[in-house]
Amino acid sequence: MIIEQISKITTGEICKSCGHKSLYHYKDQRVKCPNCNSRYFLKTTFLDLWTLYYFSIESTANKTAKELQLNYRTV
């Protein structure tokens with residue numbers, strides 16, 4: 001359930017703030033919600049949500065960094 005919601009948010013199917021299903025997609029990988037007027041980058045949201053998910057299942061920072069192919073300090 002949580003993984004499905006994360007994938008819908010990170011692909012731009014639903015808004016991360018209000019859950020609205022109709023978003024505007026910009027060329028630079030940003031989305032805008034017409035309902036709440038929030039704008040955000042999909043890549044940043046992807047990294048944030050998946051990092052939080054891995055920490056919620058009590059994964060270590062080192063393992064999370066390897067899974068998401070990020071630097072340890074970034075995580």
# chains A, B, ... in the order shown; residues from 1 in each chain; ligands from 1
$ residues_around --residues "region 40-45 of chain A" --least-positions-apart "4" --cutoff "9 Å" --atoms "only C-alpha atoms" --output "list in words"
Ile9, Thr10, Thr11, Gly12, Lys16, Asp28, Gln29, Arg30, Val31, Lys32, Leu49 and Trp50 of chain A
$ residues_around --residues "Ser22 (chain A)" --least-positions-apart "5" --cutoff "9 Å" --atoms "only C-alpha atoms" --output "number ranges by chain"
A: 12-15, 33-35
$ atom_distance --atom1 "CA of Ala61 (chain A)" --atom2 "CA of Asp48 (chain A)"
13.2 Å
$ select_by_dssp --residues "chain A" --states "strand (DSSP E)" --output "number ranges by chain"
A: 24-25, 30-32, 39-41
$ atom_distance --atom1 "CA of Met1 (chain A)" --atom2 "CA of Lys27 (chain A)"
29.2 Å
$ residues_around --residues "Thr64 (chain A)" --least-positions-apart "2" --cutoff "8 Å" --atoms "only C-alpha atoms" --output "ChimeraX atom specification"
/A:51,54-55,59-62,66-68,75
